[in-house]
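Engineer: Here you go, coords.txt (compact mmCIF, C-alpha atoms):
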# COMPACT_ATOMS: atom_id res chain seq x y z
CA MET A 20 46.77 -22.49 12.90
CA HIS A 21 47.52 -22.63 16.62
CA ALA A 22 46.48 -19.28 18.02
CA PHE A 23 48.51 -18.14 20.98
CA VAL A 24 45.83 -15.81 22.40
CA THR A 25 42.37 -17.02 23.31
CA GLY A 26 39.31 -15.14 24.42
CA GLU A 27 35.70 -14.37 23.72
CA ALA A 28 34.98 -13.25 20.17
CA ARG A 29 33.52 -9.78 19.80
CA PRO A 30 33.14 -7.19 17.02
CA SER A 31 36.48 -5.59 16.27
CA ARG A 32 37.20 -1.94 15.58
CA ARG A 33 40.07 -0.48 13.65
CA GLY A 34 43.29 -1.10 15.53
CA GLU A 35 41.69 -3.64 17.90
CA SER A 36 41.86 -7.40 18.03
CA SER A 37 38.69 -9.49 17.94
CA TYR A 38 39.73 -11.49 21.03
CA ALA A 39 39.84 -10.20 24.58
CA PRO A 40 43.04 -11.21 26.44
CA GLN A 41 42.70 -13.70 29.28
CA ALA A 42 44.97 -15.42 31.73
CA SER A 43 47.57 -17.72 30.23
CA THR A 44 47.14 -21.48 30.41
CA PRO A 45 49.72 -24.28 30.38
CA ASN A 46 49.13 -24.69 26.64
CA GLN A 47 49.80 -21.02 26.01
CA PRO A 48 53.23 -19.40 25.95
CA ASN A 49 54.44 -17.58 29.04
CA MET A 50 54.37 -13.81 28.95
CA THR A 51 57.10 -11.57 30.32
CA ALA A 52 57.25 -11.04 34.07
CA SER A 53 57.93 -7.32 33.96
CA THR A 54 55.11 -6.26 31.65
CA ASN A 55 52.06 -8.40 31.03
CA ARG A 56 51.75 -7.38 27.39
CA ILE A 57 50.29 -9.43 24.58
CA TYR A 58 51.04 -8.85 20.89
CA TYR A 59 48.27 -9.25 18.36
CA SER A 60 49.78 -9.86 14.95
CA VAL A 61 47.70 -9.15 11.87
CA PRO A 62 48.87 -8.94 8.26
CA HIS A 63 51.69 -6.38 7.96
CA GLN A 64 50.88 -4.56 11.25
CA LYS A 65 51.52 -5.16 14.93
CA PHE A 66 49.28 -4.25 17.87
CA VAL A 67 50.33 -4.03 21.50
CA CYS A 68 47.73 -4.48 24.23
CA THR A 69 48.03 -3.81 27.96
CA PRO A 70 45.27 -5.27 30.17
CA GLY A 71 42.76 -2.55 31.03
CA LEU A 72 43.70 -0.37 28.04
CA GLN A 73 42.64 -0.36 24.42
CA PRO A 74 45.09 -1.87 21.93
CA THR A 75 47.14 0.78 20.17
CA ILE A 76 48.71 0.40 16.79
CA MET A 77 52.46 0.71 16.54
CA GLU A 78 54.39 2.50 13.83
CA PRO A 79 54.63 0.72 10.47
CA PRO A 80 57.67 -1.57 10.47
CA GLN A 81 60.64 -0.70 8.34
CA SER A 82 61.51 -2.89 5.37
CA LEU A 83 64.71 -4.89 5.71
CA VAL A 84 65.26 -5.50 2.01
CA SER A 85 68.77 -4.60 0.93
CA GLN A 86 69.37 -2.09 -1.82
CA LYS A 87 72.03 -4.36 -3.31
CA SER A 88 71.31 -7.32 -5.54
CA SER A 89 72.32 -10.85 -4.65
CA ASP A 90 75.89 -11.83 -5.52
CA SER A 91 75.91 -15.34 -4.01
CA GLY A 92 74.87 -17.10 -7.23
CA LEU A 93 72.15 -19.12 -5.48
CA HIS A 94 69.22 -20.36 -7.52
CA ILE A 95 65.96 -21.66 -6.05
CA GLN A 96 64.00 -24.56 -7.53
CA LEU A 97 60.44 -24.20 -6.26
CA HIS A 98 58.16 -27.24 -6.40
CA PRO A 99 54.36 -26.91 -6.79
CA LEU A 100 53.74 -28.86 -3.58
CA VAL A 101 55.13 -25.93 -1.60
CA LEU A 102 52.79 -23.52 -3.38
CA LEU A 103 49.80 -25.77 -2.73
CA THR A 104 50.65 -26.09 0.97
CA VAL A 105 51.16 -22.34 1.44
CA SER A 106 47.95 -21.41 -0.39
CA ASP A 107 45.99 -24.07 1.52
CA GLN A 108 47.16 -22.80 4.91
CA ILE A 109 46.45 -19.17 4.04
CA THR A 110 43.00 -20.06 2.69
CA ARG A 111 42.11 -22.03 5.82
CA HIS A 112 43.40 -19.21 8.03
CA ALA A 113 41.20 -16.66 6.24
CA ALA A 114 38.13 -18.92 6.03
CA ARG A 115 38.23 -19.66 9.76
CA GLN A 116 38.79 -15.96 10.56
CA GLN A 117 41.84 -16.75 12.65
CA HIS A 118 44.24 -14.12 13.92
CA GLY A 119 47.97 -14.24 14.25
CA PRO A 120 50.91 -14.80 11.92
CA ILE A 121 51.01 -17.64 9.42
CA ILE A 122 54.41 -19.31 9.59
CA GLY A 123 55.84 -22.58 8.31
CA GLY A 124 59.01 -24.47 7.50
CA LEU A 125 60.54 -25.42 4.14
CA LEU A 126 62.15 -28.78 3.43
CA GLY A 127 64.49 -29.43 0.53
CA GLN A 128 68.05 -30.04 -0.57
CA GLN A 129 71.06 -27.85 -1.24
CA ASN A 130 73.38 -29.03 -4.01
CA GLY A 131 76.09 -26.45 -4.45
CA ARG A 132 74.45 -23.24 -5.61
CA GLU A 133 71.04 -24.80 -6.17
CA ILE A 134 68.46 -25.04 -3.38
CA THR A 135 65.29 -27.07 -3.87
CA LEU A 136 62.10 -26.25 -1.97
CA GLU A 137 60.13 -29.52 -2.10
CA HIS A 138 57.86 -29.64 0.97
CA ALA A 139 56.33 -27.17 3.41
CA PHE A 140 54.51 -27.44 6.72
CA GLU A 141 52.79 -25.02 9.09
CA CYS A 142 54.15 -24.16 12.53
CA PRO A 143 52.62 -22.64 15.67
CA VAL A 144 54.22 -19.59 17.26
CA THR A 145 54.92 -18.41 20.76
CA CYS A 146 56.25 -15.29 22.48
CA GLY A 147 59.90 -14.77 23.38
CA LEU A 148 61.50 -12.88 26.23
CA ASN A 149 60.91 -9.55 24.51
CA ASP A 150 57.40 -10.47 23.32
CA GLU A 151 58.67 -11.24 19.81
CA VAL A 152 57.15 -14.02 17.74
CA ILE A 153 59.34 -17.14 17.71
CA LEU A 154 58.98 -20.88 17.20
CA PRO A 155 58.45 -23.31 20.10
CA ALA A 156 61.80 -25.11 20.06
CA ALA A 157 60.67 -28.48 21.44
CA TRP A 158 57.67 -28.80 19.16
CA PHE A 159 59.57 -27.64 16.07
CA GLU A 160 62.50 -30.03 16.62
CA GLU A 161 60.13 -32.97 17.08
CA ARG A 162 58.12 -32.13 13.96
CA LEU A 163 61.28 -31.54 11.92
CA GLN A 164 62.66 -34.93 12.95
CA GLN A 165 59.38 -36.58 11.94
CA PHE A 166 59.62 -35.08 8.47
CA LYS A 167 63.25 -36.18 8.18
CA ASP A 168 62.27 -39.74 9.10
CA VAL A 169 59.60 -39.76 6.40
CA HIS A 170 61.68 -38.15 3.64
CA LYS A 171 64.87 -40.22 3.70
CA ASP A 172 65.22 -41.00 -0.01
CA PRO A 173 66.19 -38.44 -1.05
CA ALA A 174 67.14 -37.01 2.33
CA LEU A 175 65.47 -33.66 2.98
CA ASP A 176 66.47 -31.08 5.56
CA LEU A 177 65.31 -27.66 6.71
CA VAL A 178 66.39 -25.11 4.09
CA GLY A 179 64.24 -22.15 5.12
CA TRP A 180 60.86 -20.92 6.28
CA TRP A 181 57.84 -19.13 4.84
CA SER A 182 55.34 -16.52 5.99
CA THR A 183 53.23 -13.65 4.72
CA ALA A 184 54.84 -10.26 4.14
CA PRO A 185 53.94 -6.94 2.53
CA SER A 186 54.97 -6.22 -1.03
CA THR A 187 57.86 -4.10 0.28
CA GLY A 188 59.48 -7.21 1.75
CA PRO A 189 60.38 -8.54 5.21
CA ASN A 190 60.33 -6.18 8.18
CA ASP A 191 61.27 -6.16 11.86
CA ALA A 192 58.47 -8.61 12.74
CA HIS A 193 60.17 -11.34 10.68
CA LEU A 194 63.67 -10.74 12.03
CA PRO A 195 63.52 -12.59 15.43
CA LEU A 196 62.17 -15.77 13.90
CA HIS A 197 64.70 -15.66 11.06
CA ARG A 198 67.53 -15.22 13.57
CA GLN A 199 66.25 -18.21 15.53
CA ILE A 200 66.34 -20.43 12.44
CA LEU A 201 69.80 -19.17 11.44
CA GLN A 202 71.28 -19.82 14.88
CA ASP A 203 69.61 -23.14 15.73
CA TYR A 204 68.90 -24.98 12.47
CA ASN A 205 70.45 -23.65 9.26
CA GLU A 206 72.86 -20.74 8.95
CA SER A 207 72.03 -20.31 5.24
CA ALA A 208 68.23 -20.59 5.48
CA VAL A 209 66.13 -18.76 2.90
CA PHE A 210 62.86 -16.94 3.45
CA LEU A 211 59.84 -17.38 1.16
CA ALA A 212 57.53 -14.37 1.48
CA PHE A 213 53.94 -14.63 0.25
CA HIS A 214 52.37 -11.26 -0.65
CA PRO A 215 48.57 -11.27 -0.14
CA SER A 216 48.34 -7.67 -1.35
CA GLN A 217 49.40 -8.74 -4.86
CA LEU A 218 46.47 -11.13 -5.24
CA GLN A 219 44.00 -8.31 -5.93
CA GLY A 220 43.95 -7.30 -9.56
CA SER A 221 46.39 -10.00 -10.64
CA SER A 222 45.76 -11.84 -13.88
CA SER A 223 45.24 -15.59 -13.78
CA ASN A 224 46.73 -16.10 -17.25
CA GLY A 225 50.50 -15.81 -17.22
CA GLY A 226 50.66 -13.60 -14.14
CA LYS A 227 53.63 -13.50 -11.79
CA LEU A 228 53.39 -15.55 -8.62
CA PRO A 229 52.70 -13.36 -5.55
CA LEU A 230 55.81 -14.51 -3.71
CA THR A 231 59.49 -13.70 -3.35
CA VAL A 232 62.42 -15.76 -2.12
CA TYR A 233 65.07 -13.95 -0.04
CA GLU A 234 68.47 -14.77 1.35
CA SER A 235 69.87 -13.05 4.44
CA VAL A 236 73.18 -11.20 4.49
CA HIS A 237 75.00 -9.18 7.14
CA GLU A 238 75.54 -5.56 6.23
CA GLY A 239 77.39 -3.04 8.34
CA GLU A 240 74.82 -0.26 8.51
CA PRO A 241 73.60 1.74 11.50
CA ALA A 242 70.92 -0.23 13.28
CA PRO A 243 67.42 1.33 13.12
CA ASP A 244 65.53 2.16 16.29
CA ALA A 245 63.02 -0.65 15.75
CA SER A 246 65.73 -3.30 15.74
CA LYS A 247 67.45 -1.82 18.81
CA ASP A 248 64.26 -2.16 20.85
CA MET A 249 64.24 -5.93 20.27
CA GLN A 250 67.73 -6.49 21.67
CA VAL A 251 68.08 -7.93 25.14
CA ASP A 252 69.64 -5.70 27.80
CA GLY A 253 73.38 -6.28 28.00
CA GLU A 254 73.60 -7.90 24.58
CA GLU A 255 76.26 -6.55 22.28
CA PRO A 256 74.97 -5.00 19.05
CA VAL A 257 75.31 -7.31 16.05
CA VAL A 258 75.66 -6.57 12.39
CA ASN A 259 72.28 -5.85 10.83
CA ILE A 260 70.58 -8.57 8.80
CA ARG A 261 69.29 -7.58 5.39
CA PHE A 262 67.35 -9.61 2.82
CA ARG A 263 68.26 -9.91 -0.86
CA GLU A 264 65.98 -11.32 -3.51
CA LEU A 265 66.94 -14.62 -5.15
CA PRO A 266 65.90 -15.88 -8.60
CA TYR A 267 63.70 -18.96 -8.66
CA SER A 268 62.13 -21.33 -11.15
CA VAL A 269 59.24 -23.77 -10.78
CA GLU A 270 60.27 -27.43 -11.12
CA THR A 271 57.75 -30.28 -11.26
CA GLY A 272 58.34 -34.00 -10.70
CA GLU A 273 56.38 -36.90 -12.15
CA SER A 274 54.46 -37.59 -8.95
CA GLU A 275 53.61 -33.91 -8.57
CA MET A 276 52.27 -33.77 -12.12
CA ILE A 277 49.68 -36.42 -11.23
CA GLY A 278 48.47 -34.41 -8.23
CA ILE A 279 48.44 -31.14 -10.15
CA ASP A 280 46.42 -32.71 -12.96
CA THR A 281 43.82 -33.87 -10.44
CA ILE A 282 43.67 -30.42 -8.85
CA VAL A 283 43.29 -28.75 -12.25
CA GLN A 284 40.34 -31.00 -13.05
CA ALA A 285 38.71 -30.19 -9.71
CA SER A 286 39.34 -26.46 -10.14
CA GLY A 287 37.80 -26.55 -13.62
CA THR A 288 34.65 -28.10 -12.21
CA ALA A 289 34.58 -25.58 -9.37
CA SER A 290 34.93 -22.65 -11.76
CA LEU A 291 32.10 -24.02 -13.88
CA ASN A 292 29.83 -24.27 -10.85
CA ALA A 293 30.84 -20.76 -9.77
CA THR A 294 29.82 -19.29 -13.12
CA GLN A 295 26.48 -21.08 -13.02
CA GLU A 296 25.67 -19.93 -9.47
CA PRO A 297 24.55 -16.33 -10.32
CA THR A 298 22.24 -17.68 -13.02
CA LYS A 299 20.64 -20.10 -10.60
CA ARG A 300 20.07 -17.35 -8.04
CA ALA A 301 18.38 -15.15 -10.64
CA GLN A 302 16.03 -17.95 -11.58
CA GLN A 303 14.85 -18.50 -8.00
CA THR A 304 12.40 -15.59 -8.18
CA GLU A 305 10.91 -16.68 -11.52
CA GLN A 306 10.66 -20.46 -11.46
CA THR A 307 9.28 -23.01 -9.09
CA GLU A 308 11.24 -25.76 -7.40
CA SER A 309 10.37 -28.26 -10.12
CA ASN A 310 11.55 -25.94 -12.88
CA LYS A 311 14.79 -25.25 -11.05
CA GLN A 312 15.50 -28.93 -10.66
CA SER A 313 14.87 -29.57 -14.34
CA SER A 314 17.10 -26.65 -15.39
CA GLN A 315 20.12 -27.95 -13.51
CA VAL A 316 22.53 -29.88 -15.70
CA GLU A 317 24.34 -32.84 -14.18
CA LEU A 318 27.68 -33.53 -15.82
CA SER A 319 29.31 -36.93 -15.87
CA GLN A 320 32.89 -37.56 -14.85
CA GLU A 321 34.03 -37.78 -18.48
CA GLU A 322 32.38 -34.45 -19.32
CA GLU A 323 33.97 -32.75 -16.32
CA GLU A 324 37.39 -34.07 -17.31
CA LEU A 325 36.85 -32.90 -20.89
CA ILE A 326 35.83 -29.41 -19.72
CA ALA A 327 38.86 -29.19 -17.44
CA SER A 328 41.19 -30.33 -20.24
CA LEU A 329 39.72 -27.84 -22.70
CA SER A 330 39.96 -25.04 -20.13
CA THR A 331 43.64 -25.83 -19.56
CA ARG A 332 44.36 -25.78 -23.28
CA LEU A 333 42.40 -22.56 -23.71
CA ASN A 334 44.43 -20.86 -20.99
CA ALA A 335 47.65 -22.11 -22.60
CA VAL A 336 46.61 -20.74 -26.01
CA ARG A 337 45.67 -17.39 -24.47
CA THR A 338 49.01 -17.19 -22.71
CA LEU A 339 50.85 -18.01 -25.94
CA GLU A 340 48.83 -15.40 -27.80
CA SER A 341 49.64 -12.73 -25.22
CA ARG A 342 53.37 -13.53 -25.37
CA VAL A 343 53.41 -13.44 -29.18
CA SER A 344 51.52 -10.13 -29.14
CA LEU A 345 54.09 -8.74 -26.72
CA ILE A 346 56.96 -9.74 -29.02
CA LYS A 347 55.17 -8.24 -32.03
CA SER A 348 54.51 -4.96 -30.24
CA TYR A 349 58.15 -4.74 -29.17
CA LEU A 350 59.44 -5.35 -32.69
CA SER A 351 56.93 -2.89 -34.12
CA SER A 352 58.02 -0.18 -31.71
CA LEU A 353 61.59 -0.39 -32.93
CA SER A 354 62.14 1.98 -35.82
CA GLU A 355 64.15 1.13 -38.90
CA ALA A 356 66.83 3.57 -37.80
CA ASP A 357 67.70 1.28 -34.86
CA PHE A 358 68.82 -1.46 -37.24
CA SER A 359 70.85 0.78 -39.57
CA SER A 360 74.56 1.08 -38.84
CA ASP A 361 74.81 4.77 -39.79
CA ARG A 362 72.10 6.14 -37.47
CA SER A 363 72.99 9.23 -35.52
CA LYS A 364 73.27 9.35 -31.74
CA ASP A 365 70.71 12.13 -31.46
CA ASN A 366 68.02 10.11 -33.21
CA THR A 367 66.88 7.76 -30.43
CA SER A 368 63.66 5.76 -30.48
CA ALA A 369 61.15 5.46 -27.68
CA THR A 370 61.97 1.76 -27.18
CA LYS A 371 65.58 0.89 -26.47
CA LEU A 372 67.12 -1.69 -28.76
CA SER A 373 68.19 -4.77 -26.83
CA HIS A 374 70.47 -7.12 -28.73
CA PRO A 375 69.94 -10.07 -26.32
CA ILE A 376 66.18 -9.85 -26.89
CA ILE A 377 66.68 -9.73 -30.66
CA ARG A 378 68.93 -12.79 -30.49
CA ASN A 379 66.34 -14.67 -28.43
CA VAL A 380 63.62 -13.81 -30.94
CA ASN A 381 65.85 -14.96 -33.80
CA SER A 382 66.56 -18.23 -31.98
CA LEU A 383 62.83 -18.74 -31.45
CA LEU A 384 62.15 -18.22 -35.15
CA SER A 385 64.90 -20.64 -36.14
CA HIS A 386 63.25 -23.38 -34.07
CA LEU A 387 59.96 -22.98 -35.94
CA SER A 388 61.44 -24.72 -39.00
CA ILE A 389 61.96 -27.83 -36.90
CA LEU A 390 58.33 -27.93 -35.85
CA SER A 391 56.95 -27.37 -39.37
CA PRO A 392 59.06 -28.61 -42.35
CA SER A 393 59.68 -26.16 -45.16
CA GLU A 394 58.77 -28.61 -47.96
CA GLN A 395 55.45 -30.28 -47.30
CA SER A 396 55.82 -32.66 -50.28
CA THR A 397 59.05 -34.16 -48.92
CA PHE A 398 57.45 -34.63 -45.54
CA THR A 399 54.44 -36.36 -47.13
CA THR A 400 56.70 -38.69 -49.11
CA GLU A 401 58.64 -39.70 -46.01
CA VAL A 402 55.44 -40.37 -44.08
CA LEU A 403 54.04 -42.48 -46.94
CA SER A 404 57.29 -44.47 -47.19
CA GLN A 405 57.30 -45.21 -43.47
CA SER A 406 53.64 -46.24 -43.62
CA ASN A 407 54.36 -48.67 -46.48
CA ASP A 408 57.27 -50.19 -44.57
CA VAL A 409 55.10 -50.75 -41.52
CA LEU A 410 52.32 -52.35 -43.59
CA LEU A 411 54.82 -54.60 -45.42
CA ILE A 412 56.27 -55.86 -42.14
CA SER A 413 52.77 -56.54 -40.88
CA LEU A 414 51.91 -58.56 -44.02
CA LEU A 415 55.11 -60.62 -43.72
CA GLY A 416 54.22 -61.45 -40.15
CA GLN A 417 50.74 -62.56 -41.15
CA LEU A 418 52.20 -64.70 -43.97
CA GLY A 419 54.54 -66.48 -41.55
CA ASP A 420 51.63 -67.21 -39.22
CA ASN A 421 49.62 -68.70 -42.10
CA VAL A 422 52.51 -70.98 -43.15
CA LYS A 423 52.87 -72.22 -39.60
CA THR A 424 49.14 -72.94 -39.45
CA MET A 425 49.24 -74.93 -42.71
CA ARG A 426 52.13 -77.06 -41.43
CA GLU A 427 50.23 -77.83 -38.26
CA LEU A 428 47.16 -78.77 -40.30
CA GLY A 429 49.18 -81.19 -42.51
CA ARG A 430 50.73 -82.88 -39.49
CA LYS A 431 47.34 -83.40 -37.85
CA SER A 432 45.88 -84.76 -41.13
CA ALA A 433 48.69 -87.36 -41.41
CA VAL A 434 48.09 -88.51 -37.84
CA VAL A 435 44.36 -88.89 -38.50
CA GLN A 436 44.94 -90.92 -41.70
CA ALA A 437 47.40 -93.26 -39.97
CA THR A 438 44.98 -93.83 -37.10
CA ARG A 439 42.15 -94.68 -39.48
CA HIS A 440 44.37 -97.14 -41.42
CA ILE A 441 45.41 -99.00 -38.25
CA ALA A 442 41.80 -99.25 -37.05
CA THR A 443 40.68 -100.74 -40.36
CA ALA A 444 43.52 -103.30 -40.39
CA ARG A 445 42.61 -104.57 -36.95
CA LYS A 446 39.12 -105.39 -38.14
CA ASP A 447 40.39 -107.43 -41.18
CA PRO A 448 43.78 -109.25 -40.61
CA ALA A 449 43.88 -110.50 -44.22
CA MET A 450 43.69 -106.95 -45.45
CA LEU A 451 46.58 -106.09 -43.13
CA GLN A 452 48.66 -108.96 -44.62
CA ARG A 453 47.90 -107.86 -48.16
CA SER A 454 48.81 -104.33 -47.32
CA PHE A 455 52.07 -105.53 -45.84
CA ASN A 456 52.88 -107.63 -48.88
CA ASP A 457 52.12 -104.78 -51.21
CA GLU A 458 54.41 -102.49 -49.32
CA PHE A 459 57.15 -105.12 -48.99
CA TYR A 460 57.23 -106.31 -52.63
CA GLY A 461 56.70 -102.90 -54.02
CA GLN A 462 60.08 -101.59 -52.82
CA GLY A 463 62.42 -102.34 -55.75
CA GLY A 464 61.56 -106.03 -56.50
CA ARG A 465 63.40 -107.89 -53.74
CA GLY A 466 62.05 -111.25 -55.02
CA VAL A 467 59.31 -113.71 -54.16
CA PRO A 468 59.57 -115.45 -50.82
CA SER A 469 60.45 -119.21 -51.09
CA SER A 470 58.48 -122.04 -49.57
CA GLY A 471 61.43 -123.26 -47.50
CA MET A 472 62.12 -121.96 -44.08
CA TYR A 473 65.86 -121.28 -44.64
CA SER A 474 65.91 -120.49 -48.32
Taking this structure as input, can you express it in the form of structure tokens?
Structural biologist:
Amino acid sequence: MHAFVTGEARPSRRGESSYAPQASTPNQPNMTASTNRIYYSVPHQKFVCTPGLQPTIMEPPQSLVSQKSSDSGLHIQLHPLVLLTVSDQITRHAARQQHGPIIGGLLGQQNGREITLEHAFECPVTCGLNDEVILPAAWFEERLQQFKDVHKDPALDLVGWWSTAPSTGPNDAHLPLHRQILQDYNESAVFLAFHPSQLQGSSSNGGKLPLTVYESVHEGEPAPDASKDMQVDGEEPVVNIRFRELPYSVETGESEMIGIDTIVQASGTASLNATQEPTKRAQQTEQTESNKQSSQVELSQEEEELIASLSTRLNAVRTLESRVSLIKSYLSSLSEADFSSDRSKDNTSATKLSHPIIRNVNSLLSHLSILSPSEQSTFTTEVLSQSNDVLLISLLGQLGDNVKTMRELGRKSAVVQATRHIATARKDPAMLQRSFNDEFYGQGGRGVPSSGMYS
């Protein structure tokens, strides 16, 4: 992360940044000429600092999420590579104790009503004319062109941007940067908001991803005071931008599956080491160095892969069990009166009957017969018949190979016998003549040769 404020690190208090402001350098963005103010952006809050005074916290920003649902029909296909990039950047930002917003671009394709988010990259930020956080135009255009040159087949383009946001959604701090992307790069760009506050207490098995994808719309509502302060003097008021949530699904390609499988194996090994770490620390006060070295278990690569594979399958089984338990609890909560046609309107159950859910459950049960046949004997007979056919074809192939081998053996034997006969005849010419006579006169009795030359 490229921090736009540098200074000497010091212990921070509540409402104060951990870096003291200094004079700007050529590598740093220019501040405003009228007021030499510097904004310190931390997760979900904004601090304003004037040199010589203590930083003061501003009022909490207002959420810009629209009360209306999306009616555009857009659907987002989110690829795991985007999730890995976002989580990696946020983890590095927190591990290095950096300050400032975490912002990046999203690359993908838009085919009709479907938008794919395939790649992501991090971006530095700078200050605008009104001290708002924006992208450095020259740097961003150069980096975007580099990504376009790399991803030409299929051709990818900028389809949106990502950043962290509170669980309530985007606020005024995200609006200037979103306007910049809409005006300069893509007028239909989407915003992927990552919610760090939802990570605490979330379940790792089947939990919802801590992110939301938004589209921006223009709604004719009175502009709030926070958005009016960001407008430039003399600029005409524009229609307010509001964000609406979009549905998304996770799509994975073949190349991504290879990378994800490798990451899952590494994460399984890391989780195993993490569970063994408290035990090792407890043994440090009781055992010597030699005992500790002997107690450590070194796993081979095959064992680590097996543990990771078993952990993945265990998580999948647990997720399936939780989903089946949820369906069973829902069906159990429905009373028999809900399924009867003559139930009264006053008699309502605690759980509302949903016919689409019942149809989905019925469809799921109908597919179980395909996975497990109803008659096991018929299935066994079919398997045995196919096995016999395969074995018979294999035996016929082996029989053909044996016949071919016997033919080759007979041909070689005839050649050897003929060679031996010729070698013997060369040693004894009289034997060769007798052999010739026997063969000549033995073919149907053609007569005895006369003593005359022309007879």
Engineer: From the set A:Asp176, A:Glu264, A:Glu321, A:Asp191, which residue has the shortest atom-to-atom contact distance to Asn130 (chain A), counting all atoms listed in the file?
Structural biologist: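 Selected residue with least distance to Asn130 (chain A): A:Asp176.
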Engineer: For region 104-111 of chain A, work out the shell of residues within 9 Å, counting all atoms listed in the file and skipping chain neighbours fewer than 4 positions away, then give it as a PyMOL selection string.
Structural biologist: chain A and resi 20+99-100+115-117+121+123+138-141+181-183+213
Engineer: Measure the distance from CA of Gly429 (chain A) to CA of Lys446 (chain A) in Å and round it to one decimal.
Structural biologist: 26.6 Å
Engineer: Rounded to one decimal in Å, what is the spacing between CA of Ile95 (chain A) and CA of Leu265 (chain A)?
Structural biologist: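 One can read the CA of Ile95 (chain A) to CA of Leu265 (chain A) distance as 7.2 Å.
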Engineer: Excluding Val232 (chain A) and residues on its chain fewer than 6 positions from it, collect all residues at most 12 Å away from it, counting all atoms listed in the file, and give them as a PDB file with C-alpha atoms, keeping the file's coordinate frame.
Structural biologist:
ATOM      1  CA  VAL A  84      65.260  -5.500   2.010  1.00  0.00           C
ATOM      2  CA  SER A  89      72.320 -10.850  -4.650  1.00  0.00           C
ATOM      3  CA  LEU A  93      72.150 -19.120  -5.480  1.00  0.00           C
ATOM      4  CA  HIS A  94      69.220 -20.360  -7.520  1.00  0.00           C
ATOM      5  CA  ILE A  95      65.960 -21.660  -6.050  1.00  0.00           C
ATOM      6  CA  GLN A  96      64.000 -24.560  -7.530  1.00  0.00           C
ATOM      7  CA  LEU A  97      60.440 -24.200  -6.260  1.00  0.00           C
ATOM      8  CA  LEU A 125      60.540 -25.420   4.140  1.00  0.00           C
ATOM      9  CA  ILE A 134      68.460 -25.040  -3.380  1.00  0.00           C
ATOM     10  CA  THR A 135      65.290 -27.070  -3.870  1.00  0.00           C
ATOM     11  CA  LEU A 136      62.100 -26.250  -1.970  1.00  0.00           C
ATOM     12  CA  VAL A 178      66.390 -25.110   4.090  1.00  0.00           C
ATOM     13  CA  GLY A 179      64.240 -22.150   5.120  1.00  0.00           C
ATOM     14  CA  TRP A 180      60.860 -20.920   6.280  1.00  0.00           C
ATOM     15  CA  TRP A 181      57.840 -19.130   4.840  1.00  0.00           C
ATOM     16  CA  SER A 182      55.340 -16.520   5.990  1.00  0.00           C
ATOM     17  CA  THR A 183      53.230 -13.650   4.720  1.00  0.00           C
ATOM     18  CA  ALA A 184      54.840 -10.260   4.140  1.00  0.00           C
ATOM     19  CA  GLY A 188      59.480  -7.210   1.750  1.00  0.00           C
ATOM     20  CA  PRO A 189      60.380  -8.540   5.210  1.00  0.00           C
ATOM     21  CA  ALA A 208      68.230 -20.590   5.480  1.00  0.00           C
ATOM     22  CA  VAL A 209      66.130 -18.760   2.900  1.00  0.00           C
ATOM     23  CA  PHE A 210      62.860 -16.940   3.450  1.00  0.00           C
ATOM     24  CA  LEU A 211      59.840 -17.380   1.160  1.00  0.00           C
ATOM     25  CA  ALA A 212      57.530 -14.370   1.480  1.00  0.00           C
ATOM     26  CA  PHE A 213      53.940 -14.630   0.250  1.00  0.00           C
ATOM     27  CA  HIS A 214      52.370 -11.260  -0.650  1.00  0.00           C
ATOM     28  CA  PHE A 262      67.350  -9.610   2.820  1.00  0.00           C
ATOM     29  CA  ARG A 263      68.260  -9.910  -0.860  1.00  0.00           C
ATOM     30  CA  GLU A 264      65.980 -11.320  -3.510  1.00  0.00           C
ATOM     31  CA  LEU A 265      66.940 -14.620  -5.150  1.00  0.00           C
ATOM     32  CA  PRO A 266      65.900 -15.880  -8.600  1.00  0.00           C
ATOM     33  CA  TYR A 267      63.700 -18.960  -8.660  1.00  0.00           C
ATOM     34  CA  SER A 268      62.130 -21.330 -11.150  1.00  0.00           C
TER      35      SER A 268
END
Engineer: Have a look at CA of His98 (chain A) and CA of Ser207 (chain A) and let me know their distance in Å, one decimal.
Structural biologist: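 Computing the Euclidean distance for CA of His98 (chain A) and CA of Ser207 (chain A) yields 19.4 Å.
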Engineer: Rank A:Ser373, A:Asp168, A:Met276, A:Val380 by their smallest atom-to-atom distance to Val343 (chain A), using only C-alpha atoms, and report the top residue only.
Structural biologist: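 Smallest separation from Val343 (chain A) among the options: A:Val380.
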Engineer: For region 344-349 of chain A, list every protein, DNA or RNA residue within 9 Å, evaluated using all atoms listed in the file, and leave out those in the same chain fewer than 4 positions away; present the list as a ChimeraX atom specification.
Structural biologist: /A:339-340,353,370,380
